[in-house]
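Chemist: Could you have a look at this structure, given as structure tokens, before my questions?
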Amino acid sequence: MQRALSVSRMTGNRSSFPDWYQAIVREADMAELSPVRGSMIIKPWGYGVWERIQQTMDRRIKAMGVDNCYFPLFIPLGFFAKEAQHVEGFAKEMAVVTHHRLKLIDGKLQPDPDAKLDEPLIVRPTSETIIGDAFSRWIKSHRDLPMKINQWANVVRWEMRTRLFLRTSEFLWQEGHTAHASREDALASTREALEMYREFSETVLAMPVVAGEKPENERFPGADNTYSIEAMMQDGKALQAGTSHYLGTSFARAQNIRFQGESGELEFCHTSSWGTSTRLIGGVIMTHGDDDGLRLPPAIAPRQVVIVPMLRGKPEDAEVLAFGQALVATLNETFALGEPVRALLDTKDQRSAEKRWNWVRRGAPIIVELGPRDVAAGMVSFMRRDDLRDGDKVKSQALSRDDFVAQVPALLAAIQQALFDEAKARLDANIRRDITTYDGLTEFFGAAPDDDEEGVAFKGWVRASWSRPTGEGLEAIEQKLKIHKLTLRNAPLDQPASFAPCIFTGEAGVEEVLIGRAY
């Protein structure tokens, strides 16, 4: 049985990184392409990870005083027409429904010409407009504020270049929407959601991020301010893992979301929106995967401890299975990381070595191999997925049954922390702060390859001072960076007390910004 993936990341030039990523998605049995171009089928193990993300984040969302709800998949075109900036930002990605019935015409099933809709419907790319319409009915007085809702849903954006989990035409996400009486309250809510994403990413996904504000050219269409968390993948590229937007009063004005203030005057609400998606799963793969497959942080692993019985078609197999079943039952009553342990006895009719490496590739945090000798001695032999190898040798540990059960909570916590520490060290070591000129920036990153998927050496990011230009000045910078396939990621929230001259203009700097290649 081949232990490592057929495609390696490599360690110097990560030219095979995209192939390595696709191999992990395939070998870990996470997802596959669907018959619909650009869409994916999320398989049980991949969806199990999403369920863990959803459940753990949902608790945090509710702790912010946000209630869950659900809005329709179809949105009238006229709702988007009310917000020009918003529709311009999504127009090229919108899927449109124009008919409500099919008909057999000349032997072919086609849209019935007599069933054309009076108004086309947009398949939900995001829900600001339809939720704004509801807010305009629900909000009448300052006593109705703040209003905070969230929905877990699917959205459709007709992407031209797709990649499983990272960018697909249809994906799963959550989107929070809030309305407030003042700019200060709305901004505070926007920043609260951003901080929730940062804490979730680092403590649950073990994926360190940099939280900051997006430059003007990277804002959500129609927003006054957009904030993001940016994670560094193992190829040095940035992944925007979550965004939070202060929308000002533009959406409220377009949707007539007004409230009667304490003075009796009608005022427009200040609104916010924020979201994360199944893209987080892609981030976990590219942050923690290795050449043996996926490594899952225990907090999101559908199964944290997997027991592989070594069965040989002999009478003692019954004892092995009984020992394993009892061990699983005990573990499932044990608490780790604040929840009951999720343990599984794998009884599939496969060779034990094949089953073991199946769970290695899937990234189960602790994998137990249980044979007749272990049962006779009352021992448990196991491997930690985060620390699997010493060179080519697979590392294994053995403890008595009772000691193993007692140590599982600490082992899972240690795995969770070790994955974060490894990724945090990589992030911190690969943000350059010593590049102060545009020539130095382009020399560091080098010329953009013809294909941004291949031949890109690991570079990481540059954190540099800039003067925060707007309008045409920012557009010119964006075009220059685009030649090298670079983007402005965000201006980190933690800023120094003073700034060097702007790396682009030489003018006085006002903040530092992250620059890098990105997904």
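By order in the structure tokens, chains are A, B, ...; within a chain, residues start at 1; ligands start at 1, following the order shown.
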Each residue of segment 163-187 of chain A lying at most 9 Å from segment 46-63 of chain A should get a row with its shortest atom-to-atom pair and the distance in Å to one decimal, counting only C-alpha atoms; could you produce that, ordered by chain and increasing number, as JSON lines?

Modeler:
```
{"residue": "A:Leu172", "atom": "CA", "partner": "A:Trp50", "partner_atom": "CA", "distance": 9.0}
{"residue": "A:Trp173", "atom": "CA", "partner": "A:Gln54", "partner_atom": "CA", "distance": 8.8}
{"residue": "A:Gln174", "atom": "CA", "partner": "A:Gln54", "partner_atom": "CA", "distance": 8.4}
{"residue": "A:Gly176", "atom": "CA", "partner": "A:Ile61", "partner_atom": "CA", "distance": 8.5}
```

Chemist: Please, could you write that set of residues out with all heavy atoms as a PDB file, in the first residue's frame?

Modeler:
```pdb
ATOM      1  N   LEU A 172     -21.357  26.695  -0.088  1.00  0.00           N
ATOM      2  CA  LEU A 172     -22.102  26.874   1.152  1.00  0.00           C
ATOM      3  C   LEU A 172     -21.443  27.966   1.983  1.00  0.00           C
ATOM      4  O   LEU A 172     -20.219  28.114   1.973  1.00  0.00           O
ATOM      5  CB  LEU A 172     -22.137  25.568   1.948  1.00  0.00           C
ATOM      6  CG  LEU A 172     -22.672  24.349   1.209  1.00  0.00           C
ATOM      7  CD1 LEU A 172     -22.631  23.123   2.117  1.00  0.00           C
ATOM      8  CD2 LEU A 172     -24.085  24.592   0.695  1.00  0.00           C
ATOM      9  N   TRP A 173     -22.267  28.708   2.715  1.00  0.00           N
ATOM     10  CA  TRP A 173     -21.705  29.757   3.570  1.00  0.00           C
ATOM     11  C   TRP A 173     -22.684  30.145   4.649  1.00  0.00           C
ATOM     12  O   TRP A 173     -23.801  29.639   4.732  1.00  0.00           O
ATOM     13  CB  TRP A 173     -21.270  30.965   2.745  1.00  0.00           C
ATOM     14  CG  TRP A 173     -22.368  31.927   2.289  1.00  0.00           C
ATOM     15  CD1 TRP A 173     -23.721  31.739   2.296  1.00  0.00           C
ATOM     16  CD2 TRP A 173     -22.142  33.247   1.783  1.00  0.00           C
ATOM     17  NE1 TRP A 173     -24.361  32.848   1.805  1.00  0.00           N
ATOM     18  CE2 TRP A 173     -23.414  33.799   1.487  1.00  0.00           C
ATOM     19  CE3 TRP A 173     -21.016  34.009   1.551  1.00  0.00           C
ATOM     20  CZ2 TRP A 173     -23.560  35.080   0.960  1.00  0.00           C
ATOM     21  CZ3 TRP A 173     -21.179  35.286   1.031  1.00  0.00           C
ATOM     22  CH2 TRP A 173     -22.429  35.805   0.732  1.00  0.00           C
ATOM     23  N   GLN A 174     -22.234  31.066   5.495  1.00  0.00           N
ATOM     24  CA  GLN A 174     -23.135  31.789   6.384  1.00  0.00           C
ATOM     25  C   GLN A 174     -22.982  33.265   6.052  1.00  0.00           C
ATOM     26  O   GLN A 174     -21.906  33.721   5.653  1.00  0.00           O
ATOM     27  CB  GLN A 174     -22.841  31.508   7.847  1.00  0.00           C
ATOM     28  CG  GLN A 174     -21.458  31.846   8.363  1.00  0.00           C
ATOM     29  CD  GLN A 174     -21.179  33.330   8.572  1.00  0.00           C
ATOM     30  OE1 GLN A 174     -20.044  33.773   8.381  1.00  0.00           O
ATOM     31  NE2 GLN A 174     -22.187  34.111   8.947  1.00  0.00           N
ATOM     32  N   GLY A 176     -24.117  36.980   7.813  1.00  0.00           N
ATOM     33  CA  GLY A 176     -24.744  37.750   8.878  1.00  0.00           C
ATOM     34  C   GLY A 176     -25.118  39.127   8.369  1.00  0.00           C
ATOM     35  O   GLY A 176     -24.407  39.718   7.552  1.00  0.00           O
TER      36      GLY A 176
END
```

Chemist: Can you list, as a VMD selection string, every protein, DNA or RNA residue that comes within 6 Å of Phe74 of chain A when you count only C-alpha atoms, leaving out same-chain residues fewer than 2 positions away?

Modeler: chain A and resid 72 121 to 124

Chemist: List the neighbours of Gly509 of chain A out to 10 Å using only C-alpha atoms; skip same-chain residues closer than 2 positions along the sequence, and give me the result as a PyMOL selection string.

Modeler: chain A and resi 464-468+498-507+511-512

Chemist: Give me the residues within 7 Å of segment 194-210 of chain A as a PyMOL selection string, counting only C-alpha atoms and dropping any in the same chain fewer than 5 places off.

Modeler: chain A and resi 227-231+242-244+284+287+297+299-300+416+419-420+423-424+492

Chemist: Could those selected residues go to a file with all heavy atoms, as a CSV table (one decimal), in the first residue's frame?

Modeler:
```csv
chain,number,residue,atom,x,y,z
A,227,TYR,N,-13.4,44.6,6.0
A,227,TYR,CA,-12.4,44.0,6.8
A,227,TYR,C,-12.2,42.5,6.4
A,227,TYR,O,-13.2,41.9,6.0
A,227,TYR,CB,-12.7,44.2,8.2
A,227,TYR,CG,-12.8,45.6,8.7
A,227,TYR,CD1,-14.0,46.2,8.6
A,227,TYR,CD2,-11.7,46.3,9.2
A,227,TYR,CE1,-14.2,47.6,9.0
A,227,TYR,CE2,-11.8,47.6,9.6
A,227,TYR,CZ,-13.1,48.2,9.5
A,227,TYR,OH,-13.2,49.5,9.9
A,228,SER,N,-11.0,42.0,6.5
A,228,SER,CA,-10.8,40.6,6.2
A,228,SER,C,-9.9,39.9,7.2
A,228,SER,O,-9.1,40.6,7.9
A,228,SER,CB,-10.3,40.5,4.8
A,228,SER,OG,-8.9,40.9,4.7
A,229,ILE,N,-9.9,38.6,7.2
A,229,ILE,CA,-8.8,37.8,7.8
A,229,ILE,C,-8.1,37.1,6.6
A,229,ILE,O,-8.7,36.5,5.8
A,229,ILE,CB,-9.3,36.8,8.8
A,229,ILE,CG1,-10.4,35.9,8.3
A,229,ILE,CG2,-9.8,37.5,10.1
A,229,ILE,CD1,-10.8,34.7,9.2
A,230,GLU,N,-6.8,37.2,6.6
A,230,GLU,CA,-6.0,36.7,5.6
A,230,GLU,C,-5.1,35.6,6.1
A,230,GLU,O,-4.4,35.8,7.2
A,230,GLU,CB,-5.1,37.8,4.9
A,230,GLU,CG,-5.8,39.0,4.4
A,230,GLU,CD,-6.6,38.7,3.1
A,230,GLU,OE1,-6.1,37.7,2.3
A,230,GLU,OE2,-7.6,39.3,2.8
A,231,ALA,N,-5.1,34.4,5.5
A,231,ALA,CA,-4.3,33.3,6.0
A,231,ALA,C,-3.2,32.9,5.0
A,231,ALA,O,-3.5,33.1,3.8
A,231,ALA,CB,-5.2,32.1,6.2
A,242,GLY,N,-12.3,35.2,5.4
A,242,GLY,CA,-13.6,35.7,5.9
A,242,GLY,C,-13.6,37.2,5.8
A,242,GLY,O,-12.5,37.9,5.8
A,243,THR,N,-14.8,37.8,5.6
A,243,THR,CA,-14.9,39.3,5.4
A,243,THR,C,-16.0,39.8,6.2
A,243,THR,O,-17.0,39.1,6.5
A,243,THR,CB,-15.1,39.6,3.9
A,243,THR,OG1,-16.2,38.9,3.4
A,243,THR,CG2,-13.9,39.4,3.1
A,244,SER,N,-15.9,41.1,6.6
A,244,SER,CA,-16.9,41.8,7.4
A,244,SER,C,-17.0,43.2,6.8
A,244,SER,O,-16.0,43.8,6.7
A,244,SER,CB,-16.6,41.8,8.9
A,244,SER,OG,-17.7,42.3,9.6
A,284,VAL,N,-7.9,25.0,5.3
A,284,VAL,CA,-7.4,24.0,6.3
A,284,VAL,C,-6.5,23.0,5.5
A,284,VAL,O,-5.4,22.6,6.0
A,284,VAL,CB,-8.6,23.3,7.0
A,284,VAL,CG1,-8.1,22.0,7.7
A,284,VAL,CG2,-9.3,24.2,7.9
A,287,THR,N,-3.2,24.7,4.6
A,287,THR,CA,-2.5,25.1,5.8
A,287,THR,C,-1.8,23.9,6.5
A,287,THR,O,-0.6,24.0,6.9
A,287,THR,CB,-3.3,25.9,6.8
A,287,THR,OG1,-3.9,27.0,6.2
A,287,THR,CG2,-2.6,26.3,8.0
A,297,PRO,N,-7.3,19.5,12.3
A,297,PRO,CA,-7.3,20.0,13.7
A,297,PRO,C,-8.4,19.2,14.4
A,297,PRO,O,-9.5,19.0,13.8
A,297,PRO,CB,-7.7,21.4,13.6
A,297,PRO,CG,-7.2,21.9,12.2
A,297,PRO,CD,-7.5,20.7,11.4
A,299,ALA,N,-10.6,19.9,16.5
A,299,ALA,CA,-11.8,20.6,16.8
A,299,ALA,C,-12.8,20.4,15.6
A,299,ALA,O,-14.0,20.6,15.8
A,299,ALA,CB,-11.5,22.1,17.0
A,300,ILE,N,-12.3,20.2,14.4
A,300,ILE,CA,-13.2,20.0,13.2
A,300,ILE,C,-13.2,18.6,12.6
A,300,ILE,O,-13.8,18.4,11.6
A,300,ILE,CB,-12.9,21.1,12.2
A,300,ILE,CG1,-11.5,21.0,11.6
A,300,ILE,CG2,-13.2,22.5,12.7
A,300,ILE,CD1,-11.2,21.8,10.4
A,416,GLN,N,-4.1,19.9,18.4
A,416,GLN,CA,-4.7,21.2,18.0
A,416,GLN,C,-3.7,22.3,18.1
A,416,GLN,O,-3.5,23.1,17.2
A,416,GLN,CB,-5.9,21.5,18.9
A,416,GLN,CG,-6.7,22.8,18.5
A,416,GLN,CD,-7.7,22.5,17.3
A,416,GLN,OE1,-8.1,21.4,17.1
A,416,GLN,NE2,-8.0,23.6,16.7
A,419,LEU,N,-0.6,22.0,15.5
A,419,LEU,CA,-0.9,22.4,14.2
A,419,LEU,C,-0.9,24.0,14.1
A,419,LEU,O,-0.4,24.5,13.1
A,419,LEU,CB,-2.2,21.9,13.7
A,419,LEU,CG,-2.2,20.3,13.5
A,419,LEU,CD1,-3.7,19.9,13.2
A,419,LEU,CD2,-1.3,20.0,12.3
A,420,PHE,N,-1.5,24.6,15.1
A,420,PHE,CA,-1.5,26.1,15.0
A,420,PHE,C,-0.1,26.6,15.1
A,420,PHE,O,0.3,27.6,14.4
A,420,PHE,CB,-2.3,26.6,16.2
A,420,PHE,CG,-2.3,28.2,16.3
A,420,PHE,CD1,-3.0,29.0,15.4
A,420,PHE,CD2,-1.4,28.8,17.2
A,420,PHE,CE1,-2.9,30.3,15.5
A,420,PHE,CE2,-1.3,30.2,17.3
A,420,PHE,CZ,-2.1,30.9,16.4
A,423,ALA,N,1.8,26.4,11.9
A,423,ALA,CA,1.4,27.4,10.9
A,423,ALA,C,1.7,28.8,11.2
A,423,ALA,O,2.0,29.6,10.4
A,423,ALA,CB,-0.1,27.2,10.7
A,424,LYS,N,1.6,29.1,12.5
A,424,LYS,CA,2.0,30.5,13.0
A,424,LYS,C,3.4,30.8,12.8
A,424,LYS,O,3.8,31.9,12.4
A,424,LYS,CB,1.6,30.6,14.5
A,424,LYS,CG,1.8,32.0,15.0
A,424,LYS,CD,0.8,33.0,14.4
A,424,LYS,CE,0.6,34.3,15.2
A,424,LYS,NZ,1.8,35.1,15.2
A,492,PRO,N,-3.2,45.6,8.3
A,492,PRO,CA,-3.4,44.9,9.5
A,492,PRO,C,-3.9,45.9,10.6
A,492,PRO,O,-3.6,47.1,10.6
A,492,PRO,CB,-2.0,44.4,9.9
A,492,PRO,CG,-1.4,44.2,8.6
A,492,PRO,CD,-1.9,45.4,7.7
```

Chemist: So which bits of segment 284-335 of chain A end up strand (DSSP E or B) when you DSSP the backbone, as a ChimeraX atom specification?

Modeler: /A:290,293,305-309,335

Chemist: Mind checking which residues fall within 6 Å of segment 427-437 of chain A, counting only C-alpha atoms, ignoring those fewer than 6 positions away in the same chain, and posting them as JSON, numbers by chain?

Modeler: {"A": [460, 461, 462, 463, 503]}

Chemist: Could you turn the residues from that selection into a file that holds all heavy atoms, as a CSV table (one decimal), in the first residue's frame?

Modeler:
```csv
chain,number,residue,atom,x,y,z
A,460,GLY,N,5.9,34.1,0.2
A,460,GLY,CA,5.3,34.8,1.4
A,460,GLY,C,4.7,36.1,1.0
A,460,GLY,O,4.4,36.4,-0.1
A,461,TRP,N,4.7,37.0,2.0
A,461,TRP,CA,4.1,38.4,1.8
A,461,TRP,C,5.1,39.4,2.2
A,461,TRP,O,6.1,39.2,2.8
A,461,TRP,CB,2.9,38.6,2.7
A,461,TRP,CG,1.8,37.5,2.6
A,461,TRP,CD1,1.6,36.6,1.6
A,461,TRP,CD2,0.8,37.2,3.6
A,461,TRP,NE1,0.5,35.8,1.9
A,461,TRP,CE2,0.0,36.1,3.1
A,461,TRP,CE3,0.5,37.8,4.9
A,461,TRP,CZ2,-1.0,35.6,3.8
A,461,TRP,CZ3,-0.6,37.2,5.6
A,461,TRP,CH2,-1.3,36.2,5.1
A,462,VAL,N,4.8,40.6,1.7
A,462,VAL,CA,5.5,41.8,2.1
A,462,VAL,C,4.6,42.7,2.9
A,462,VAL,O,3.4,43.0,2.5
A,462,VAL,CB,6.1,42.6,0.9
A,462,VAL,CG1,6.6,43.9,1.2
A,462,VAL,CG2,7.2,41.7,0.2
A,463,ARG,N,5.1,43.2,4.0
A,463,ARG,CA,4.3,44.2,4.8
A,463,ARG,C,5.1,45.6,4.6
A,463,ARG,O,6.2,45.7,5.1
A,463,ARG,CB,4.2,43.8,6.2
A,463,ARG,CG,3.4,44.8,7.1
A,463,ARG,CD,3.0,44.3,8.4
A,463,ARG,NE,2.5,45.3,9.3
A,463,ARG,CZ,1.7,45.1,10.4
A,463,ARG,NH1,1.5,43.8,10.7
A,463,ARG,NH2,1.3,46.1,11.1
A,503,ILE,N,5.7,52.9,-0.2
A,503,ILE,CA,6.5,52.0,-1.1
A,503,ILE,C,6.1,52.3,-2.5
A,503,ILE,O,6.9,52.0,-3.4
A,503,ILE,CB,6.2,50.5,-0.7
A,503,ILE,CG1,7.2,49.6,-1.4
A,503,ILE,CG2,4.8,50.1,-1.1
A,503,ILE,CD1,7.2,48.2,-1.0
```

Chemist: If you run DSSP on the backbone, which residues of segment 5-111 of chain A are helix (DSSP H, G or I), as a ChimeraX atom specification?

Modeler: /A:17-27,44-63,77-81,84-93

Chemist: Kindly give the distance, in Å, that separates atom CA of Asn150 of chain A and atom CA of Asn256 of chain A, rounded to a single decimal.

Modeler: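 According to the coordinates, atom CA of Asn150 of chain A and atom CA of Asn256 of chain A are separated by 20.5 Å.
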
Chemist: How far is it from atom CA of Ile367 of chain A to atom CA of Met310 of chain A, in Å with one decimal?

Modeler: 12.7 Å

Chemist: Could you tell me how far atom CA of Thr162 of chain A lies from atom CA of Lys214 of chain A, in Å and to one decimal?

Modeler: 23.6 Å

Chemist: Give me, as a PyMOL selection string, all polymer residues having an atom no more than 12 Å from Leu388 of chain A, counting only C-alpha atoms and skipping those fewer than 2 positions away in the same chain.

Modeler: chain A and resi 3-4+290-295+357+360-361+363-367+382-386+390-397+415

Chemist: Could you dump the residues just selected with N, CA and C atoms as an mmCIF file, in the first residue's frame?

Modeler:
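File part10.cif, as written:
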```
data_model
loop_
_atom_site.group_PDB
_atom_site.id
_atom_site.type_symbol
_atom_site.label_atom_id
_atom_site.label_comp_id
_atom_site.auth_asym_id
_atom_site.auth_seq_id
_atom_site.Cartn_x
_atom_site.Cartn_y
_atom_site.Cartn_z
ATOM 1 N N ARG A 3 2.098 4.683 0.881
ATOM 2 C CA ARG A 3 1.789 5.491 2.055
ATOM 3 C C ARG A 3 1.615 6.957 1.724
ATOM 4 N N ALA A 4 2.504 7.499 0.879
ATOM 5 C CA ALA A 4 2.440 8.927 0.580
ATOM 6 C C ALA A 4 1.569 9.181 -0.643
ATOM 7 N N ASP A 290 0.016 17.475 4.500
ATOM 8 C CA ASP A 290 1.408 17.097 4.250
ATOM 9 C C ASP A 290 1.447 16.069 3.122
ATOM 10 N N ASP A 291 2.602 15.455 2.911
ATOM 11 C CA ASP A 291 2.737 14.546 1.777
ATOM 12 C C ASP A 291 2.074 13.188 2.005
ATOM 13 N N ASP A 292 1.498 12.983 3.196
ATOM 14 C CA ASP A 292 0.700 11.787 3.439
ATOM 15 C C ASP A 292 -0.794 12.079 3.321
ATOM 16 N N GLY A 293 -1.160 13.340 3.116
ATOM 17 C CA GLY A 293 -2.567 13.681 2.974
ATOM 18 C C GLY A 293 -2.984 14.819 3.875
ATOM 19 N N LEU A 294 -4.223 14.763 4.333
ATOM 20 C CA LEU A 294 -4.818 15.813 5.150
ATOM 21 C C LEU A 294 -4.416 15.627 6.615
ATOM 22 N N ARG A 295 -4.265 16.725 7.325
ATOM 23 C CA ARG A 295 -4.130 16.698 8.784
ATOM 24 C C ARG A 295 -5.213 17.609 9.342
ATOM 25 N N TRP A 357 -4.108 3.560 6.413
ATOM 26 C CA TRP A 357 -3.652 4.643 5.556
ATOM 27 C C TRP A 357 -4.799 5.439 4.956
ATOM 28 N N VAL A 360 -5.145 7.914 7.649
ATOM 29 C CA VAL A 360 -4.008 8.840 7.581
ATOM 30 C C VAL A 360 -4.276 9.899 6.520
ATOM 31 N N ARG A 361 -4.690 9.480 5.332
ATOM 32 C CA ARG A 361 -4.948 10.430 4.251
ATOM 33 C C ARG A 361 -6.110 11.365 4.583
ATOM 34 N N GLY A 363 -6.814 12.380 7.559
ATOM 35 C CA GLY A 363 -6.370 13.313 8.582
ATOM 36 C C GLY A 363 -6.964 13.107 9.948
ATOM 37 N N ALA A 364 -7.459 11.900 10.257
ATOM 38 C CA ALA A 364 -7.963 11.648 11.602
ATOM 39 C C ALA A 364 -6.848 11.918 12.612
ATOM 40 N N PRO A 365 -7.089 12.720 13.652
ATOM 41 C CA PRO A 365 -6.008 13.146 14.554
ATOM 42 C C PRO A 365 -5.277 12.013 15.269
ATOM 43 N N ILE A 366 -6.012 10.998 15.750
ATOM 44 C CA ILE A 366 -5.388 9.860 16.435
ATOM 45 C C ILE A 366 -5.891 8.573 15.774
ATOM 46 N N ILE A 367 -4.953 7.725 15.376
ATOM 47 C CA ILE A 367 -5.299 6.461 14.715
ATOM 48 C C ILE A 367 -4.727 5.323 15.551
ATOM 49 N N PHE A 382 -0.982 3.549 19.112
ATOM 50 C CA PHE A 382 -1.600 4.624 18.325
ATOM 51 C C PHE A 382 -0.549 5.520 17.695
ATOM 52 N N MET A 383 -0.983 6.285 16.704
ATOM 53 C CA MET A 383 -0.129 7.285 16.064
ATOM 54 C C MET A 383 -0.838 8.627 16.068
ATOM 55 N N ARG A 384 -0.085 9.693 16.216
ATOM 56 C CA ARG A 384 -0.601 11.063 16.116
ATOM 57 C C ARG A 384 -0.446 11.533 14.680
ATOM 58 N N ARG A 385 -1.541 11.959 14.068
ATOM 59 C CA ARG A 385 -1.487 12.347 12.657
ATOM 60 C C ARG A 385 -0.660 13.599 12.440
ATOM 61 N N ASP A 386 -0.575 14.473 13.423
ATOM 62 C CA ASP A 386 0.204 15.705 13.252
ATOM 63 C C ASP A 386 1.698 15.436 13.313
ATOM 64 N N ASP A 390 9.149 9.986 11.553
ATOM 65 C CA ASP A 390 10.532 10.335 11.856
ATOM 66 C C ASP A 390 11.332 9.901 10.639
ATOM 67 N N GLY A 391 11.484 10.848 9.675
ATOM 68 C CA GLY A 391 12.035 10.480 8.379
ATOM 69 C C GLY A 391 11.037 9.600 7.651
ATOM 70 N N ASP A 392 11.470 8.439 7.214
ATOM 71 C CA ASP A 392 10.580 7.507 6.520
ATOM 72 C C ASP A 392 9.877 6.557 7.482
ATOM 73 N N LYS A 393 10.230 6.612 8.752
ATOM 74 C CA LYS A 393 9.665 5.691 9.724
ATOM 75 C C LYS A 393 8.408 6.275 10.353
ATOM 76 N N VAL A 394 7.335 5.483 10.382
ATOM 77 C CA VAL A 394 6.095 5.917 11.017
ATOM 78 C C VAL A 394 6.241 5.784 12.527
ATOM 79 N N LYS A 395 5.908 6.863 13.249
ATOM 80 C CA LYS A 395 6.052 6.891 14.704
ATOM 81 C C LYS A 395 4.785 6.329 15.360
ATOM 82 N N SER A 396 4.969 5.463 16.328
ATOM 83 C CA SER A 396 3.840 4.864 17.032
ATOM 84 C C SER A 396 4.124 4.890 18.531
ATOM 85 N N GLN A 397 3.064 5.010 19.310
ATOM 86 C CA GLN A 397 3.177 5.015 20.767
ATOM 87 C C GLN A 397 2.262 3.931 21.327
ATOM 88 N N ILE A 415 -2.411 18.203 19.831
ATOM 89 C CA ILE A 415 -2.428 18.179 18.367
ATOM 90 C C ILE A 415 -2.983 19.492 17.823
#
```

Chemist: Would you pick out the contacts of Phe135 of chain A at 9 Å or less, using only C-alpha atoms, so that residues sharing its chain but fewer than 3 positions from it are not included, and give the list as an MDAnalysis selection string?

Modeler: chainID A and resid 130:132 138:139 147 179 252 255:258

Chemist: Looking at A:Pro298, A:Pro18, A:Gly107, A:Pro44, which one is nearest to Lys237 of chain A, with distances taken over only C-alpha atoms?

Modeler: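 Of A:Pro298, A:Pro18, A:Gly107, A:Pro44, the one nearest Lys237 of chain A, counting only C-alpha atoms, is A:Pro18.
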
Chemist: Which of these residues is nearest to Met286 of chain A, using only C-alpha atoms: A:Leu239, A:Met94, A:Ala406, A:Ala153?

Modeler: A:Leu239
